[in-house]
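This report concerns only the one structure given below.
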Amino acid sequence: MLEITRIRTEKEAIIEGLKKRNLDVTETLDQILAADANWRSAKTSLESISAELNVLAKEIGDLFKQGKQDEANAAKAKTADLKNKEAELKAKVDEYEKEITQLLYTIPNVPNELVPAGKNELDNETVFEFGEKRTYDFEPLAHWDLAKKYDLIDFELGVKVTGAGFPFYRGKGAKLQRALISFFLEEAEKAGYEEFIPPLMVNEASAYGTGQLPDKEGQMYHMQVDDFYMIPTAEVPLTNIYRDVILPSEDFSIKLTGYTPCFRREAGSYGKDVRGLNRLHQFDKVEIVRIEHPTNTAKALEEMLEHVKGLLEKLGLQYRILRLCGGDTGFASALTYDFEVYSAAQDKWLEVSSCSRFDTFQANRLKLRFKNADKKNQLCHTLNGSALALPRIVAALMENHQTPEGIVIPEALRKFTGFDIIN
RNA sequence: GGAGAGUUGGCAGAGUGGUCGAUUGCGGCAGUCUUGAAAACUGUUGUACCGAGAGGUACCGGGGGUUCGAAUCCCUCACUCUCCGCCA
């Protein structure tokens, strides 16, 4: 959520910036500013009436104490009118506040200067490429066929026990999964991230904190009886650790990581790229989260990109990095880089990581602040990225490392799998 | 699932209708003293909003109510803890 103070002072810049998302928020901002002006004037009147009433109440108390009952009762009569006015103004203030909040919820984050204008994924910029397309001297299989051939993943069993999008991993498939998680966590730890195992369900306040609510309500599984939400990513519990926190100084750089399963309803996306591991309702992911001083955000994002690059290179995967255009950048993000690995067997690029900076957008909702040099509370910046999402990595590993003899496990992973080939 | 007790400032913990944004202790910050440190002493120390400022308003788990006046009384919701039961 954008800060109202920012809208007051940087209206034009916000309008200009959001054009890159093909949005014209001029009207919305004008509505907000009008409501804000109304709010302030109502608020000022309300407060002066409250002040009057406070004075009167004190006087009445004193009169009673001095035993001047009559005078006290006379003074009481005077308050009635003021109390009516107070109630009236209070209602107005509440109404304006609600209006402002509603409108603020509709405005996405302002794209960073690096973000290109654009409508959809076709307008994303490729900023980095690594590796060569693999060639095969045999007919390569897609991962869903490999999964069956080597008994690694059972999709049908998942359908039986739960439903589509909830596969079973079995045998070496399960071990590979576990190995990747361990590998990613170990790399994150080496890079200075502290590991957490967070809750997999969160309360409503947390879902609001990172912005899943109110926009993406339908995308989360909701436990209605207890009013909990299954996490769609570890970002939610990890970032919410710092909800309502004021860091004591401006000397901080917080780096968190955690492995969790992620749960997504994926409502409305049936039929599109859903084959095999490409899109699941439950999948595993190691997430990295950072909380930074605003001056360090750009550097932090660079570090995250380097970290993810290292992971993919150690796994021997061909990949590219995209800088998302305005139209493709997530609601809360100011700048997002996607990592895609190339799947030769599917002849497709698969998204395996998304690294974003949110600047103050999340921190504002989270009320995550730090004391700056002037002893003032200032909003922190938050960032996060996948490092990495497992299913498509597994798909790419299987497809790209397949040989007639079996699927070769990359060197870096062998100490975690305990085997070097799946056959 | 049953029964009970709680929720107050960074923490601990007072406060049952007005002088309470809130006693006190600890912690934090600044200073005095000291070669330095500790101790001791003194002062200071929440958040948000409105206002150019002076200043004002709100916040004692959330919401509502009673009252001229609520941390304090009433209603309601949420959460936490303890005991019993069940259980990984």
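FYI, nothing fancy with the structure tokens labels: chains A, B, ... in order, residues from 1 per chain, ligands from 1 as they appear.
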
### Message
Considering only alpha helix (DSSP H) as DSSP defines it on the backbone, what residues of stretch 110-194 of chain A qualify? List them as a PyMOL selection string.
### Response
chain A and resi 143-149+155-161+172-190

### Query
Residues of chain B within 7 Å of chain A, using only C-alpha atoms (C1' of nucleotides), as a ChimeraX atom specification?
/B:18,50,57,68-69

Mind dumping the selected residues with C-alpha atoms (C1' of nucleotides) as a PDB file, in the first residue's frame?
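What landed in selection_24.pdb:
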```
ATOM      1  C1'   G B  18     -12.150  12.576  37.560  1.00  0.00           C
ATOM      2  C1'   C B  50      -3.860  17.135  13.069  1.00  0.00           C
ATOM      3  C1'   U B  57      -6.419  14.532  19.660  1.00  0.00           C
ATOM      4  C1'   C B  68     -20.442  15.423  31.997  1.00  0.00           C
ATOM      5  C1'   G B  69     -16.024  12.098  32.589  1.00  0.00           C
TER       6        G B  69
END
```

### Message
Env of B:C59: 9 Å cut, atoms = only C-alpha atoms (C1' of nucleotides), seq-sep filter 4 positions within chain, self excluded. Answer as a PyMOL selection string.
### Response
chain B and resi 21+47-48

### Message
What's around B:U23 at 12 Å? Count only C-alpha atoms (C1' of nucleotides), leave out sequence neighbours fewer than 3 positions away in its own chain, and write the answer as a PyMOL selection string.
### Response
chain B and resi 13-15+20

### Message
Ranking A:Pro404, A:Pro391, A:Gly17, A:Gly385 by minimum distance to A:Ala117 and counting only C-alpha atoms, which one comes first?
### Response
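Among A:Pro404, A:Pro391, A:Gly17, A:Gly385, it is A:Gly17 that comes nearest to A:Ala117.
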
### Closest of B:G4, B:G53, B:U16, B:C41 to B:C73 - atom-to-atom distances counting only C-alpha atoms (C1' of nucleotides)
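Of the candidates, the smallest distance to B:C73 is held by B:U16.
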
### Task
Do a neighbour search on A:Tyr150 at 9 Å with only C-alpha atoms (C1' of nucleotides), toss out local chain neighbours closer than 2 positions, and write the hits as a list in words.
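Final neighbour list, sorted by chain and number: Asp145, Leu146, Ala147, Lys148, Leu152, Ile153, Lys172, Gly173, Gly406, Ile422 and Asn423 of chain A.
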
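The spacing separating atom CA of A:Thr295 from atom CA of A:Asp359 amounts to 10.3 Å.
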
#### Entry: strand (DSSP E or B) positions in stretch 207-422 of chain A, given as a PyMOL selection string
chain A and resi 222-223+228-230+246-247+253-263+282-292+319-323+335-343+348-359+369-371+377-379+381-389+402-403+406-408+421-422

### Task
Excluding stretch 334-341 of chain A and residues on its chain fewer than 4 positions from it, collect all residues at most 7 Å away from it, counting only C-alpha atoms (C1' of nucleotides), and give them as a PyMOL selection string.
chain A and resi 109-112+115+317-324+329+349-359+396

### Task
Could you check how far atom CA of A:Ile421 sits from atom CA of A:Val408, in Å to one decimal?
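Computing it gives 4.5 Å between the two atoms.
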
### Length of the atom CA of A:Lys68 to atom CA of A:Glu52 vector [Å]
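Between atom CA of A:Lys68 and atom CA of A:Glu52 the gap is 20.7 Å.
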
### Message
For A:Tyr242, find every residue with an atom within 9 Å (counting only C-alpha atoms (C1' of nucleotides)), except residues of its own chain fewer than 6 positions away, and show them as a PyMOL selection string.
### Response
chain A and resi 291+363+366-368
